[in-house]
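Trainee: Have a look at the structure that comes next, please.
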Amino acid sequence: MSMPATAVRIRTLREDDYEPVIAALASWWGNDHVVRMLPRLFFRHFAATSLAAESGFGGEGDHEYGHEYRAVPAGFLVGILSSSVPGEAHAHFVGVAPQARGQGVGRALYSRFFEIAAERGCTRVTAVTSPANVGSQDFHARVGFRCVPAPGTQPSAPQVWKDWDGPGEDRVRFERDLAAS
């Protein structure tokens with residue numbers, strides 16, 4: 001079941017969002033590897049620049065039939081304002097529930113993050129994704145990011161940054177100029 005974008009509310013992430021998001025992540029991606037990329041510290045120390053998209057659509061617990069209403073994660077974005085690179089913000093992790101994909105949830109999360117970053121003096125937002133995650137690469141291009149060329153690559157070559165996130169953790173890097181917003 002897909003959910004209409006109007007059924008989703010974007011709000012600031014809270015530390016108590018950690019358990020529901022972590023519980024959802026393994027099922028959204030089908031593995032536990034992604035869970036290790038998102039320790040609780042992001043929910044505690046970067047909550048003011050991070051976002052949750054929530055919906056009342058959770059299957060069981062449908063409030064129309066007298067059951068308790070329960071908001072469920074439709075997506076989230078963990079964002080960081082760099083304290084080392086002036087003017088730069090970074091989207092550390094973006095996730096959207098499979099039933100919410102293609103409904104504007106990811107775009108809404110990024111739009112709000114761009115606003116927050118700009119309000120706090122940032123001029124650029126960066127992000128990374130796995131070279132194998134072509135869907136994520138395409139999504140980032142659609143919301144205005146451009147690939148950051150990897151050292152020594154030709155423009156037509158894949159822009160893979162070897163070992164960017166540690167040994168064997170290659171990434172495709174993106175950046176978006178906020179003046180283009």
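Quick note on naming: the chains in the structure tokens go A, B, ... in the order shown, residues restart at 1 in each chain, and ligands are numbered from 1 in order of appearance.
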Based on the backbone DSSP call, show me all residues of region 117-163 of chain A assigned helix (DSSP H, G or I), as a VMD selection string.

Mentor: chain A and resid 117 to 119 134 to 142

Trainee: Filtering to N, CA, C and O atoms, could you give me those residues as a short mmCIF file (atom, residue, chain, number, x, y, z; two decimals), in the first residue's frame?

Mentor:
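Writing the result to part-v1.cif gives the following:
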```cif
data_model
loop_
_atom_site.label_atom_id
_atom_site.label_comp_id
_atom_site.auth_asym_id
_atom_site.auth_seq_id
_atom_site.Cartn_x
_atom_site.Cartn_y
_atom_site.Cartn_z
N ALA A 117 19.68 24.00 7.08
CA ALA A 117 21.10 24.27 6.83
C ALA A 117 21.31 25.72 6.38
O ALA A 117 22.22 26.40 6.87
N ALA A 118 20.48 26.21 5.47
CA ALA A 118 20.61 27.59 5.00
C ALA A 118 20.36 28.58 6.13
O ALA A 118 21.08 29.57 6.26
N GLU A 119 19.34 28.32 6.95
CA GLU A 119 19.04 29.20 8.09
C GLU A 119 20.22 29.30 9.05
O GLU A 119 20.40 30.32 9.72
N VAL A 134 22.04 2.27 -6.87
CA VAL A 134 21.73 3.13 -8.02
C VAL A 134 20.45 3.93 -7.78
O VAL A 134 20.34 5.08 -8.19
N GLY A 135 19.48 3.34 -7.09
CA GLY A 135 18.25 4.06 -6.78
C GLY A 135 18.53 5.31 -5.96
O GLY A 135 17.97 6.38 -6.22
N SER A 136 19.40 5.20 -4.97
CA SER A 136 19.78 6.35 -4.16
C SER A 136 20.53 7.38 -4.99
O SER A 136 20.30 8.59 -4.85
N GLN A 137 21.42 6.92 -5.84
CA GLN A 137 22.16 7.85 -6.71
C GLN A 137 21.20 8.64 -7.60
O GLN A 137 21.32 9.86 -7.73
N ASP A 138 20.24 7.94 -8.19
CA ASP A 138 19.25 8.61 -9.05
C ASP A 138 18.41 9.59 -8.25
O ASP A 138 18.13 10.71 -8.72
N PHE A 139 18.00 9.19 -7.05
CA PHE A 139 17.20 10.08 -6.20
C PHE A 139 17.98 11.35 -5.88
O PHE A 139 17.43 12.46 -5.99
N HIS A 140 19.24 11.22 -5.48
CA HIS A 140 20.04 12.41 -5.15
C HIS A 140 20.17 13.35 -6.34
O HIS A 140 20.10 14.57 -6.18
N ALA A 141 20.32 12.79 -7.52
CA ALA A 141 20.37 13.64 -8.72
C ALA A 141 19.05 14.37 -8.92
O ALA A 141 19.03 15.55 -9.27
N ARG A 142 17.94 13.69 -8.68
CA ARG A 142 16.61 14.32 -8.86
C ARG A 142 16.36 15.45 -7.87
O ARG A 142 15.60 16.36 -8.18
#
```

Trainee: Can you pull out every residue within 10 Å of Gly121 (chain A), counting only C-alpha atoms, but drop anything in the same chain fewer than 2 positions away, and send it as JSON, numbers by chain?

Mentor: {"A": [81, 86, 87, 88, 89, 116, 117, 118, 119, 123, 124]}

Trainee: Give me the residues near Ala127 (chain A) as a list in words, where near means some atom within 9 Å (using only C-alpha atoms) and where sequence neighbours in that chain fewer than 3 positions away do not count.

Mentor: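 So the residues in contact are Ala89, His90, Ala91, His92, Phe93, His140, Phe145, Val172, Arg173, Phe174, Glu175 and Arg176 of chain A.
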
Trainee: Quick one: residues within 8 Å of Pro131 (chain A), only C-alpha atoms, excluding same-chain residues fewer than 2 positions away - as a VMD selection string?

Mentor: chain A and resid 129 133 to 134 160 170 to 172

Trainee: Taking only C-alpha atoms into account, which of A:Met37, A:Ala23, A:Val94, A:Val85 comes nearest Leu51 (chain A)?

Mentor: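 Once distances to Leu51 (chain A) are computed over only C-alpha atoms, the minimum belongs to A:Val94.
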
Trainee: Excluding same-chain residues fewer than 5 positions from Gln159 (chain A), what lies within 8 Å of it counting only C-alpha atoms, as a list of chain:residue names?

Mentor: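 After dropping sequence-adjacent residues, the list is A:Cys147, A:Val148, A:Pro149, A:Ala150, A:Thr153, A:Val172, A:Arg173.
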
Trainee: Tell me which of A:Ile80, A:Val105, A:Ala100, A:Ile10 sits closest to Cys122 (chain A), counting only C-alpha atoms.

Mentor: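 Going through A:Ile80, A:Val105, A:Ala100, A:Ile10 one by one, the smallest distance to Cys122 (chain A) is for A:Ile80.
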
Trainee: Taking the DSSP secondary structure from the backbone, can you list the residues of region 29-179 of chain A that are strand (DSSP E or B), as a ChimeraX atom specification?

Mentor: /A:51-55,72-81,88-96,124-129,146-147,160-161,171-177

Trainee: I want to know what sits within 8 Å of Phe43 (chain A), based on only C-alpha atoms, with residues of the same chain fewer than 5 positions away left out; could you give that as a ChimeraX atom specification?

Mentor: /A:13-18,50,78

Trainee: What does the structure give for the distance between CA of Val8 (chain A) and CA of Trp28 (chain A), in Å to one decimal?

Mentor: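 Computing it gives 17.4 Å between the two atoms.
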
Trainee: Taking into account only C-alpha atoms, which residue in the set A:Leu38, A:Pro20, A:Ala97, A:Arg120 is nearest to Ser83 (chain A)?

Mentor: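 Nearest to Ser83 (chain A): A:Arg120.
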